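Heads up, entry-v8.cif below (mmCIF, C-alpha atoms and all ligand atoms):
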data_my_file
#
loop_
_atom_site.group_PDB
_atom_site.id
_atom_site.type_symbol
_atom_site.label_atom_id
_atom_site.label_comp_id
_atom_site.auth_asym_id
_atom_site.auth_seq_id
_atom_site.Cartn_x
_atom_site.Cartn_y
_atom_site.Cartn_z
ATOM 1 C CA MET A 1 -8.943 -59.812 6.914
ATOM 2 C CA LYS A 2 -8.841 -63.496 5.972
ATOM 3 C CA VAL A 3 -5.985 -65.532 7.409
ATOM 4 C CA VAL A 4 -5.433 -68.799 5.569
ATOM 5 C CA ARG A 5 -2.853 -71.535 5.929
ATOM 6 C CA THR A 6 -3.371 -73.606 2.794
ATOM 7 C CA ILE A 7 -2.854 -72.865 -0.875
ATOM 8 C CA THR A 8 -6.362 -74.098 -1.676
ATOM 9 C CA GLU A 9 -7.974 -71.618 0.737
ATOM 10 C CA CYS A 10 -5.726 -68.855 -0.582
ATOM 11 C CA ARG A 11 -6.801 -69.561 -4.165
ATOM 12 C CA GLU A 12 -10.472 -69.576 -3.124
ATOM 13 C CA VAL A 13 -10.181 -66.128 -1.533
ATOM 14 C CA VAL A 14 -8.274 -64.737 -4.546
ATOM 15 C CA ALA A 15 -10.877 -66.258 -6.895
ATOM 16 C CA GLY A 16 -13.525 -64.266 -4.983
ATOM 17 C CA PHE A 17 -11.546 -61.060 -5.610
ATOM 18 C CA ARG A 18 -11.233 -61.938 -9.294
ATOM 19 C CA GLN A 19 -14.964 -62.611 -9.612
ATOM 20 C CA ALA A 20 -15.552 -59.069 -8.374
ATOM 21 C CA ASN A 21 -13.061 -57.849 -11.034
ATOM 22 C CA GLU A 22 -10.638 -56.717 -8.357
ATOM 23 C CA THR A 23 -6.881 -56.452 -8.822
ATOM 24 C CA VAL A 24 -4.564 -58.071 -6.313
ATOM 25 C CA GLY A 25 -1.256 -56.875 -4.887
ATOM 26 C CA LEU A 26 1.131 -59.230 -3.108
ATOM 27 C CA VAL A 27 3.663 -58.470 -0.390
ATOM 28 C CA PRO A 28 5.793 -61.545 0.361
ATOM 29 C CA THR A 29 7.388 -61.409 3.832
ATOM 30 C CA MET A 30 9.128 -63.609 6.353
ATOM 31 C CA GLY A 31 7.142 -61.990 9.173
ATOM 32 C CA PHE A 32 8.358 -60.036 12.225
ATOM 33 C CA LEU A 33 7.017 -57.000 10.425
ATOM 34 C CA HIS A 34 8.297 -53.461 10.782
ATOM 35 C CA ALA A 35 7.588 -50.109 9.162
ATOM 36 C CA GLY A 36 9.533 -51.140 6.050
ATOM 37 C CA HIS A 37 7.049 -53.953 5.409
ATOM 38 C CA MET A 38 4.129 -51.649 6.108
ATOM 39 C CA GLU A 39 5.460 -49.316 3.406
ATOM 40 C CA LEU A 40 5.338 -52.252 0.963
ATOM 41 C CA VAL A 41 1.726 -52.881 2.046
ATOM 42 C CA ALA A 42 0.865 -49.181 1.601
ATOM 43 C CA THR A 43 2.417 -49.224 -1.900
ATOM 44 C CA ALA A 44 0.425 -52.338 -2.861
ATOM 45 C CA LYS A 45 -2.772 -50.822 -1.436
ATOM 46 C CA ALA A 46 -2.294 -47.663 -3.492
ATOM 47 C CA ARG A 47 -1.999 -49.716 -6.693
ATOM 48 C CA THR A 48 -4.496 -52.555 -6.327
ATOM 49 C CA ASP A 49 -8.004 -53.207 -4.992
ATOM 50 C CA ARG A 50 -6.948 -56.023 -2.677
ATOM 51 C CA VAL A 51 -3.726 -56.728 -0.829
ATOM 52 C CA ALA A 52 -2.419 -60.172 0.063
ATOM 53 C CA VAL A 53 0.556 -60.710 2.370
ATOM 54 C CA THR A 54 2.438 -63.961 2.805
ATOM 55 C CA ILE A 55 4.308 -64.793 6.000
ATOM 56 C CA PHE A 56 6.763 -67.601 5.432
ATOM 57 C CA VAL A 57 10.244 -68.030 6.902
ATOM 58 C CA ASN A 58 11.743 -69.689 3.867
ATOM 59 C CA PRO A 59 14.221 -72.436 4.852
ATOM 60 C CA SER A 60 15.790 -72.670 1.386
ATOM 61 C CA GLN A 61 17.276 -69.171 1.547
ATOM 62 C CA PHE A 62 19.155 -69.727 4.829
ATOM 63 C CA GLY A 63 22.636 -71.226 4.517
ATOM 64 C CA ASP A 64 22.876 -71.821 8.227
ATOM 65 C CA ALA A 65 20.266 -73.760 10.242
ATOM 66 C CA SER A 66 20.975 -71.662 13.357
ATOM 67 C CA ASP A 67 20.146 -68.447 11.411
ATOM 68 C CA LEU A 68 16.848 -70.035 10.431
ATOM 69 C CA ASP A 69 16.092 -71.101 14.022
ATOM 70 C CA SER A 70 16.992 -67.701 15.472
ATOM 71 C CA TYR A 71 14.951 -65.750 12.905
ATOM 72 C CA PRO A 72 12.524 -63.623 14.976
ATOM 73 C CA ARG A 73 8.839 -64.566 14.780
ATOM 74 C CA ASP A 74 5.696 -62.973 16.237
ATOM 75 C CA GLU A 75 2.628 -64.027 14.308
ATOM 76 C CA GLU A 76 0.082 -62.406 16.615
ATOM 77 C CA ARG A 77 1.758 -59.019 16.387
ATOM 78 C CA ASP A 78 2.207 -59.353 12.601
ATOM 79 C CA LEU A 79 -1.485 -60.107 12.129
ATOM 80 C CA ALA A 80 -2.507 -57.146 14.311
ATOM 81 C CA MET A 81 -0.314 -54.836 12.190
ATOM 82 C CA LEU A 82 -1.697 -56.207 8.927
ATOM 83 C CA ARG A 83 -5.297 -55.928 10.155
ATOM 84 C CA GLU A 84 -4.649 -52.341 11.174
ATOM 85 C CA ALA A 85 -3.172 -51.612 7.722
ATOM 86 C CA GLY A 86 -6.304 -52.914 6.000
ATOM 87 C CA VAL A 87 -4.772 -56.012 4.395
ATOM 88 C CA ASP A 88 -7.380 -58.341 2.861
ATOM 89 C CA LEU A 89 -5.653 -61.717 2.860
ATOM 90 C CA VAL A 90 -2.751 -63.280 4.753
ATOM 91 C CA LEU A 91 -1.312 -66.612 3.687
ATOM 92 C CA ILE A 92 0.820 -68.404 6.294
ATOM 93 C CA PRO A 93 1.727 -71.630 4.529
ATOM 94 C CA GLU A 94 3.317 -74.750 6.041
ATOM 95 C CA VAL A 95 6.808 -75.734 4.866
ATOM 96 C CA ILE A 96 5.427 -79.039 3.563
ATOM 97 C CA ASP A 97 2.965 -77.207 1.292
ATOM 98 C CA VAL A 98 5.580 -74.838 -0.124
ATOM 99 C CA TYR A 99 8.105 -77.659 -0.522
ATOM 100 C CA PRO A 100 6.032 -80.812 -1.015
ATOM 101 C CA GLU A 101 7.581 -84.179 -0.260
ATOM 102 C CA GLY A 102 9.940 -85.199 -3.049
ATOM 103 C CA ASP A 103 10.263 -81.607 -4.253
ATOM 104 C CA GLU A 104 13.082 -81.182 -6.764
ATOM 105 C CA THR A 105 12.305 -77.989 -8.660
ATOM 106 C CA ILE A 106 14.413 -74.890 -8.274
ATOM 107 C CA VAL A 107 14.300 -71.485 -9.919
ATOM 108 C CA GLU A 108 17.588 -69.651 -10.323
ATOM 109 C CA THR A 109 18.867 -66.591 -12.102
ATOM 110 C CA THR A 110 22.171 -68.171 -13.034
ATOM 111 C CA ARG A 111 24.406 -65.068 -13.218
ATOM 112 C CA MET A 112 22.744 -62.533 -10.928
ATOM 113 C CA ALA A 113 22.210 -65.014 -8.084
ATOM 114 C CA ASN A 114 25.878 -65.877 -7.887
ATOM 115 C CA ILE A 115 27.580 -62.495 -7.898
ATOM 116 C CA LEU A 116 27.890 -59.869 -5.131
ATOM 117 C CA HIS A 117 25.977 -61.025 -1.993
ATOM 118 C CA GLY A 118 25.322 -64.298 -3.797
ATOM 119 C CA GLU A 119 29.037 -65.058 -3.745
ATOM 120 C CA VAL A 120 29.180 -64.906 0.045
ATOM 121 C CA ARG A 121 25.781 -66.536 0.572
ATOM 122 C CA PRO A 122 25.805 -69.437 -1.914
ATOM 123 C CA GLY A 123 22.302 -70.677 -2.669
ATOM 124 C CA HIS A 124 20.588 -67.719 -0.977
ATOM 125 C CA PHE A 125 19.110 -66.085 -4.079
ATOM 126 C CA ARG A 126 18.228 -69.482 -5.537
ATOM 127 C CA GLY A 127 16.156 -70.022 -2.368
ATOM 128 C CA VAL A 128 14.558 -66.594 -2.784
ATOM 129 C CA THR A 129 13.597 -67.042 -6.444
ATOM 130 C CA THR A 130 12.407 -70.587 -5.821
ATOM 131 C CA VAL A 131 10.057 -69.476 -3.053
ATOM 132 C CA VAL A 132 8.941 -66.250 -4.738
ATOM 133 C CA ALA A 133 8.050 -68.142 -7.943
ATOM 134 C CA ARG A 134 5.938 -70.498 -5.812
ATOM 135 C CA LEU A 135 4.284 -67.642 -3.900
ATOM 136 C CA PHE A 136 3.552 -65.885 -7.210
ATOM 137 C CA ASN A 137 1.918 -69.079 -8.386
ATOM 138 C CA PHE A 138 -0.117 -69.559 -5.175
ATOM 139 C CA VAL A 139 -1.521 -66.014 -5.148
ATOM 140 C CA GLN A 140 -1.278 -65.013 -8.839
ATOM 141 C CA PRO A 141 -1.214 -61.278 -8.111
ATOM 142 C CA ASP A 142 -1.152 -58.392 -10.597
ATOM 143 C CA VAL A 143 1.490 -56.489 -8.657
ATOM 144 C CA ALA A 144 4.145 -57.594 -6.161
ATOM 145 C CA CYS A 145 6.114 -55.233 -3.927
ATOM 146 C CA PHE A 146 9.661 -55.713 -2.644
ATOM 147 C CA GLY A 147 11.986 -53.370 -0.772
ATOM 148 C CA GLU A 148 14.843 -51.607 -2.541
ATOM 149 C CA LYS A 149 16.827 -52.210 0.637
ATOM 150 C CA ASP A 150 17.512 -55.759 -0.559
ATOM 151 C CA TYR A 151 18.563 -54.331 -3.865
ATOM 152 C CA GLN A 152 20.108 -57.422 -5.409
ATOM 153 C CA GLN A 153 17.068 -59.461 -4.353
ATOM 154 C CA LEU A 154 14.797 -56.941 -6.097
ATOM 155 C CA GLN A 155 16.796 -57.067 -9.352
ATOM 156 C CA VAL A 156 17.010 -60.884 -9.221
ATOM 157 C CA ILE A 157 13.221 -61.116 -8.751
ATOM 158 C CA LYS A 158 12.616 -58.631 -11.592
ATOM 159 C CA ARG A 159 14.848 -60.731 -13.875
ATOM 160 C CA MET A 160 13.114 -63.981 -12.871
ATOM 161 C CA THR A 161 9.660 -62.437 -13.406
ATOM 162 C CA LYS A 162 10.662 -61.283 -16.875
ATOM 163 C CA ASP A 163 12.364 -64.543 -17.855
ATOM 164 C CA LEU A 164 9.423 -66.699 -16.721
ATOM 165 C CA ALA A 165 6.876 -64.212 -18.168
ATOM 166 C CA PHE A 166 4.886 -63.955 -14.951
ATOM 167 C CA PRO A 167 2.184 -61.359 -15.709
ATOM 168 C CA ILE A 168 3.132 -59.475 -12.564
ATOM 169 C CA ASP A 169 4.360 -55.923 -12.168
ATOM 170 C CA VAL A 170 7.275 -56.064 -9.707
ATOM 171 C CA ILE A 171 7.569 -52.773 -7.833
ATOM 172 C CA GLY A 172 10.669 -51.681 -5.909
ATOM 173 C CA VAL A 173 9.791 -49.653 -2.821
ATOM 174 C CA PRO A 174 12.405 -47.203 -1.445
ATOM 175 C CA ILE A 175 14.048 -47.883 1.919
ATOM 176 C CA VAL A 176 12.181 -46.688 4.996
ATOM 177 C CA ARG A 177 14.499 -45.144 7.554
ATOM 178 C CA GLU A 178 14.338 -44.334 11.230
ATOM 179 C CA ASP A 179 14.405 -40.578 11.925
ATOM 180 C CA ASP A 180 18.174 -40.753 12.400
ATOM 181 C CA GLY A 181 18.759 -42.434 9.011
ATOM 182 C CA LEU A 182 19.148 -46.117 9.981
ATOM 183 C CA ALA A 183 17.470 -48.347 7.384
ATOM 184 C CA MET A 184 14.646 -50.289 9.038
ATOM 185 C CA SER A 185 15.254 -54.024 9.407
ATOM 186 C CA SER A 186 14.018 -56.883 11.588
ATOM 187 C CA ARG A 187 17.662 -57.291 12.628
ATOM 188 C CA ASN A 188 17.852 -53.832 14.247
ATOM 189 C CA VAL A 189 16.281 -55.255 17.450
ATOM 190 C CA ARG A 190 19.410 -57.394 17.884
ATOM 191 C CA LEU A 191 21.710 -54.336 18.084
ATOM 192 C CA GLY A 192 22.979 -53.135 21.456
ATOM 193 C CA ALA A 193 22.748 -49.375 22.145
ATOM 194 C CA GLU A 194 26.335 -48.625 21.090
ATOM 195 C CA ASP A 195 26.120 -50.697 17.913
ATOM 196 C CA ARG A 196 22.765 -49.080 17.106
ATOM 197 C CA GLU A 197 24.470 -45.658 17.267
ATOM 198 C CA ALA A 198 27.515 -46.873 15.317
ATOM 199 C CA ALA A 199 25.284 -48.291 12.546
ATOM 200 C CA LEU A 200 24.364 -44.746 11.505
ATOM 201 C CA VAL A 201 27.707 -44.706 9.709
ATOM 202 C CA LEU A 202 26.060 -46.641 6.844
ATOM 203 C CA SER A 203 23.655 -43.890 5.779
ATOM 204 C CA ARG A 204 26.294 -41.259 6.562
ATOM 205 C CA SER A 205 28.730 -42.885 4.144
ATOM 206 C CA LEU A 206 26.086 -42.955 1.382
ATOM 207 C CA ASN A 207 25.290 -39.267 1.952
ATOM 208 C CA ALA A 208 28.995 -38.454 1.615
ATOM 209 C CA ALA A 209 29.208 -40.414 -1.666
ATOM 210 C CA ASP A 210 26.081 -38.753 -3.070
ATOM 211 C CA ALA A 211 27.502 -35.315 -2.264
ATOM 212 C CA LEU A 212 30.712 -35.855 -4.300
ATOM 213 C CA ALA A 213 30.944 -33.357 -7.151
ATOM 214 C CA ASP A 214 32.908 -35.358 -9.766
ATOM 215 C CA LYS A 215 31.755 -38.903 -9.287
ATOM 216 C CA THR A 216 33.884 -41.844 -10.328
ATOM 217 C CA ILE A 217 33.355 -45.421 -9.170
ATOM 218 C CA GLU A 218 36.758 -45.345 -7.486
ATOM 219 C CA GLY A 219 35.972 -42.027 -5.734
ATOM 220 C CA LEU A 220 32.623 -43.339 -4.455
ATOM 221 C CA ARG A 221 34.262 -46.512 -3.197
ATOM 222 C CA GLU A 222 37.011 -44.612 -1.429
ATOM 223 C CA ILE A 223 34.772 -42.179 0.443
ATOM 224 C CA ILE A 224 32.341 -44.899 1.563
ATOM 225 C CA ALA A 225 35.072 -47.283 2.750
ATOM 226 C CA HIS A 226 36.921 -44.458 4.495
ATOM 227 C CA THR A 227 33.785 -43.287 6.356
ATOM 228 C CA ILE A 228 32.863 -46.788 7.508
ATOM 229 C CA ASN A 229 36.389 -47.837 8.449
ATOM 230 C CA ALA A 230 36.636 -44.736 10.657
ATOM 231 C CA GLU A 231 33.888 -46.233 12.877
ATOM 232 C CA PRO A 232 35.617 -48.712 15.216
ATOM 233 C CA ARG A 233 32.465 -50.781 15.911
ATOM 234 C CA ALA A 234 31.829 -51.372 12.197
ATOM 235 C CA THR A 235 33.318 -54.171 10.134
ATOM 236 C CA LEU A 236 32.760 -53.519 6.453
ATOM 237 C CA ARG A 237 31.679 -56.786 4.842
ATOM 238 C CA GLY A 238 30.610 -55.737 1.383
ATOM 239 C CA LEU A 239 30.830 -52.640 -0.785
ATOM 240 C CA ASP A 240 29.633 -53.087 -4.333
ATOM 241 C CA ILE A 241 28.996 -50.379 -6.872
ATOM 242 C CA VAL A 242 27.322 -51.800 -9.950
ATOM 243 C CA GLN A 243 25.110 -50.906 -12.902
ATOM 244 C CA ALA A 244 21.695 -50.263 -11.349
ATOM 245 C CA GLU A 245 19.673 -52.801 -13.365
ATOM 246 C CA THR A 246 22.027 -55.547 -14.538
ATOM 247 C CA LEU A 247 24.327 -55.376 -11.485
ATOM 248 C CA ALA A 248 27.304 -55.484 -13.887
ATOM 249 C CA ASP A 249 30.710 -54.187 -12.701
ATOM 250 C CA LEU A 250 31.542 -50.534 -13.351
ATOM 251 C CA SER A 251 34.702 -48.446 -13.318
ATOM 252 C CA GLY A 252 35.786 -44.909 -14.164
ATOM 253 C CA PRO A 253 33.528 -41.838 -14.352
ATOM 254 C CA LEU A 254 29.881 -42.390 -13.419
ATOM 255 C CA THR A 255 27.833 -42.034 -16.617
ATOM 256 C CA SER A 256 24.589 -43.803 -15.653
ATOM 257 C CA PRO A 257 22.858 -44.625 -12.336
ATOM 258 C CA ALA A 258 24.875 -46.964 -10.152
ATOM 259 C CA ALA A 259 23.609 -49.003 -7.233
ATOM 260 C CA VAL A 260 25.766 -48.896 -4.130
ATOM 261 C CA MET A 261 25.199 -51.968 -1.967
ATOM 262 C CA LEU A 262 26.704 -51.964 1.451
ATOM 263 C CA SER A 263 26.887 -54.512 4.222
ATOM 264 C CA ALA A 264 28.652 -54.165 7.541
ATOM 265 C CA GLU A 265 28.630 -56.011 10.840
ATOM 266 C CA PHE A 266 27.976 -54.351 14.172
ATOM 267 C CA GLY A 267 28.442 -56.638 17.182
ATOM 268 C CA GLY A 268 27.779 -59.736 15.088
ATOM 269 C CA VAL A 269 24.669 -58.302 13.408
ATOM 270 C CA LEU A 270 24.962 -57.900 9.643
ATOM 271 C CA LEU A 271 23.184 -54.794 8.357
ATOM 272 C CA LEU A 272 22.549 -53.713 4.783
ATOM 273 C CA ASP A 273 22.077 -50.342 3.194
ATOM 274 C CA GLN A 274 21.762 -49.257 -0.392
ATOM 275 C CA ARG A 275 21.361 -46.250 -2.608
ATOM 276 C CA VAL A 276 21.131 -45.615 -6.345
ATOM 277 C CA ILE A 277 23.469 -42.748 -7.145
ATOM 278 C CA ALA A 278 23.005 -40.731 -10.314
ATOM 279 C CA PRO A 279 25.959 -39.117 -12.173
HETATM 280 O O1 LIG B 301 12.770 -60.253 1.597
HETATM 281 C C1 LIG B 301 12.256 -61.213 2.206
HETATM 282 O O2 LIG B 301 11.670 -61.069 3.275
HETATM 283 C C2 LIG B 301 12.372 -62.605 1.605
HETATM 284 O O3 LIG B 301 13.583 -62.797 0.965
HETATM 285 C C3 LIG B 301 11.192 -62.964 0.673
HETATM 286 C C4 LIG B 301 11.183 -62.057 -0.558
HETATM 287 C C5 LIG B 301 9.879 -62.833 1.418
HETATM 288 C C6 LIG B 301 11.333 -64.395 0.172
HETATM 289 O O4 LIG B 301 11.350 -65.289 1.222
#

This structure in structure tokens:
Amino acid sequence: MKVVRTITECREVVAGFRQANETVGLVPTMGFLHAGHMELVATAKARTDRVAVTIFVNPSQFGDASDLDSYPRDEERDLAMLREAGVDLVLIPEVIDVYPEGDETIVETTRMANILHGEVRPGHFRGVTTVVARLFNFVQPDVACFGEKDYQQLQVIKRMTKDLAFPIDVIGVPIVREDDGLAMSSRNVRLGAEDREAALVLSRSLNAADALADKTIEGLREIIAHTINAEPRATLRGLDIVQAETLADLSGPLTSPAAVMLSAEFGGVLLLDQRVIAP
């Protein structure tokens, strides 16, 4: 596994793959890897000859400097996991190379970035698309894998890829869960034991919604909110039920797949969960 820290070295390694007529899959990450990331790597490996991973804690997607500073990092452990998984190339760029001095270019999906989670985290998705466009350009992969857990992020990146005609197949990879149903996340390590237990209410509420016989948007909303509000350690922060691809608002009987996007806080730790529910 090659570990490189500059865009030039990264391009040289990818050029070697291309000379051998090999396809390249990309998994962009912010490091502190867990099984969810390894599932993205496994998906890329199954689809392409070579897999590249980027590790970059992207400052432009954090609203709050303290969130950026407290973001967990463990490069040695990440590299051991990626080596074990058979990754071919890891790019760990410097901030100054991703955002060169005098940088003034942004990439933004103007509607999708500013609805739903984008409303409460202004500038977040602009930071994501700006960095992902740059990472796409550094690596120039054939395929790029992102988790369905960050559902809005996935749809925003798909839209950006289409609009900018990047010749890249963006693949959404289903959520990986712990045995008890908790969606895997780097943030789970910050949960105390009681909050860890309480957080199971997220997947439980989605199961209850999926099991409804006559599904309406209002009925889904009610059962999810009721289940979560019955857990005293949970504070429901976001519950959005939207058209699965465009993220447009829905109401009334469910006639096409809807994405349910949930966020709730447990002891100050914000957790996300998501499911696409069919009629
Ligand atoms: O999902 C993430 O880890 C980040 O938002 C991403 C896609 C790597 C961009 O920084």

Give me the residues within 12 Å of stretch 218-230 of chain A as a PDB file with C-alpha atoms, in the frame of the given file, counting all atoms listed in the file and dropping any in the same chain fewer than 6 places off.
ATOM      1  CA  ALA A 198      27.515 -46.873  15.317  1.00  0.00           C
ATOM      2  CA  ALA A 199      25.284 -48.291  12.546  1.00  0.00           C
ATOM      3  CA  LEU A 200      24.364 -44.746  11.505  1.00  0.00           C
ATOM      4  CA  VAL A 201      27.707 -44.706   9.709  1.00  0.00           C
ATOM      5  CA  LEU A 202      26.060 -46.641   6.844  1.00  0.00           C
ATOM      6  CA  SER A 203      23.655 -43.890   5.779  1.00  0.00           C
ATOM      7  CA  ARG A 204      26.294 -41.259   6.562  1.00  0.00           C
ATOM      8  CA  SER A 205      28.730 -42.885   4.144  1.00  0.00           C
ATOM      9  CA  LEU A 206      26.086 -42.955   1.382  1.00  0.00           C
ATOM     10  CA  ASN A 207      25.290 -39.267   1.952  1.00  0.00           C
ATOM     11  CA  ALA A 208      28.995 -38.454   1.615  1.00  0.00           C
ATOM     12  CA  ALA A 209      29.208 -40.414  -1.666  1.00  0.00           C
ATOM     13  CA  ASP A 210      26.081 -38.753  -3.070  1.00  0.00           C
ATOM     14  CA  ALA A 211      27.502 -35.315  -2.264  1.00  0.00           C
ATOM     15  CA  LEU A 212      30.712 -35.855  -4.300  1.00  0.00           C
ATOM     16  CA  LEU A 236      32.760 -53.519   6.453  1.00  0.00           C
ATOM     17  CA  ARG A 237      31.679 -56.786   4.842  1.00  0.00           C
ATOM     18  CA  GLY A 238      30.610 -55.737   1.383  1.00  0.00           C
ATOM     19  CA  LEU A 239      30.830 -52.640  -0.785  1.00  0.00           C
ATOM     20  CA  ASP A 240      29.633 -53.087  -4.333  1.00  0.00           C
ATOM     21  CA  ILE A 241      28.996 -50.379  -6.872  1.00  0.00           C
ATOM     22  CA  VAL A 242      27.322 -51.800  -9.950  1.00  0.00           C
ATOM     23  CA  ASP A 249      30.710 -54.187 -12.701  1.00  0.00           C
ATOM     24  CA  LEU A 250      31.542 -50.534 -13.351  1.00  0.00           C
ATOM     25  CA  SER A 251      34.702 -48.446 -13.318  1.00  0.00           C
ATOM     26  CA  GLY A 252      35.786 -44.909 -14.164  1.00  0.00           C
ATOM     27  CA  PRO A 253      33.528 -41.838 -14.352  1.00  0.00           C
ATOM     28  CA  LEU A 254      29.881 -42.390 -13.419  1.00  0.00           C
ATOM     29  CA  ALA A 258      24.875 -46.964 -10.152  1.00  0.00           C
ATOM     30  CA  ALA A 259      23.609 -49.003  -7.233  1.00  0.00           C
ATOM     31  CA  VAL A 260      25.766 -48.896  -4.130  1.00  0.00           C
ATOM     32  CA  MET A 261      25.199 -51.968  -1.967  1.00  0.00           C
ATOM     33  CA  LEU A 262      26.704 -51.964   1.451  1.00  0.00           C
ATOM     34  CA  SER A 263      26.887 -54.512   4.222  1.00  0.00           C
ATOM     35  CA  ALA A 264      28.652 -54.165   7.541  1.00  0.00           C
ATOM     36  CA  GLU A 265      28.630 -56.011  10.840  1.00  0.00           C
ATOM     37  CA  PHE A 266      27.976 -54.351  14.172  1.00  0.00           C
ATOM     38  CA  ASP A 273      22.077 -50.342   3.194  1.00  0.00           C
ATOM     39  CA  GLN A 274      21.762 -49.257  -0.392  1.00  0.00           C
ATOM     40  CA  ARG A 275      21.361 -46.250  -2.608  1.00  0.00           C
ATOM     41  CA  VAL A 276      21.131 -45.615  -6.345  1.00  0.00           C
ATOM     42  CA  ILE A 277      23.469 -42.748  -7.145  1.00  0.00           C
ATOM     43  CA  ALA A 278      23.005 -40.731 -10.314  1.00  0.00           C
ATOM     44  CA  PRO A 279      25.959 -39.117 -12.173  1.00  0.00           C
TER      45      PRO A 279
END

Taking all atoms listed in the file into account, which residues have an atom no farther than 9 Å from ligand LIG 301 (chain B)? I'd like them as a PyMOL selection string.
chain A and resi 27-31+37+54-61+124-125+127-132+135+146-147+150+153-154+157

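Atom CA of A:Arg126 is found 17.8 Å from atom CA of A:Val170.
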
Exactly which residues make up the result of the PyMOL selection byres (((chain A and resi 71) around 12) and not hetatm) on this file, given as a ChimeraX atom specification?
/A:30-32,56-59,62,64-70,72-74,186-187,189-190

Contact residues around stretch 81-91 of chain A with all atoms listed in the file at 8 Å, ignoring same-chain residues under 3 positions, as a short mmCIF file (atom, residue, chain, number, x, y, z; two decimals) with C-alpha atoms, in the frame of the given file:
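Output (result24.cif):
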data_model
loop_
_atom_site.label_atom_id
_atom_site.label_comp_id
_atom_site.auth_asym_id
_atom_site.auth_seq_id
_atom_site.Cartn_x
_atom_site.Cartn_y
_atom_site.Cartn_z
CA MET A 1 -8.94 -59.81 6.91
CA LYS A 2 -8.84 -63.50 5.97
CA VAL A 3 -5.98 -65.53 7.41
CA VAL A 4 -5.43 -68.80 5.57
CA ARG A 5 -2.85 -71.54 5.93
CA THR A 6 -3.37 -73.61 2.79
CA ILE A 7 -2.85 -72.86 -0.88
CA CYS A 10 -5.73 -68.86 -0.58
CA VAL A 13 -10.18 -66.13 -1.53
CA LEU A 33 7.02 -57.00 10.42
CA MET A 38 4.13 -51.65 6.11
CA VAL A 41 1.73 -52.88 2.05
CA ALA A 42 0.86 -49.18 1.60
CA ARG A 50 -6.95 -56.02 -2.68
CA VAL A 51 -3.73 -56.73 -0.83
CA ALA A 52 -2.42 -60.17 0.06
CA VAL A 53 0.56 -60.71 2.37
CA THR A 54 2.44 -63.96 2.80
CA ILE A 55 4.31 -64.79 6.00
CA ARG A 77 1.76 -59.02 16.39
CA ASP A 78 2.21 -59.35 12.60
#
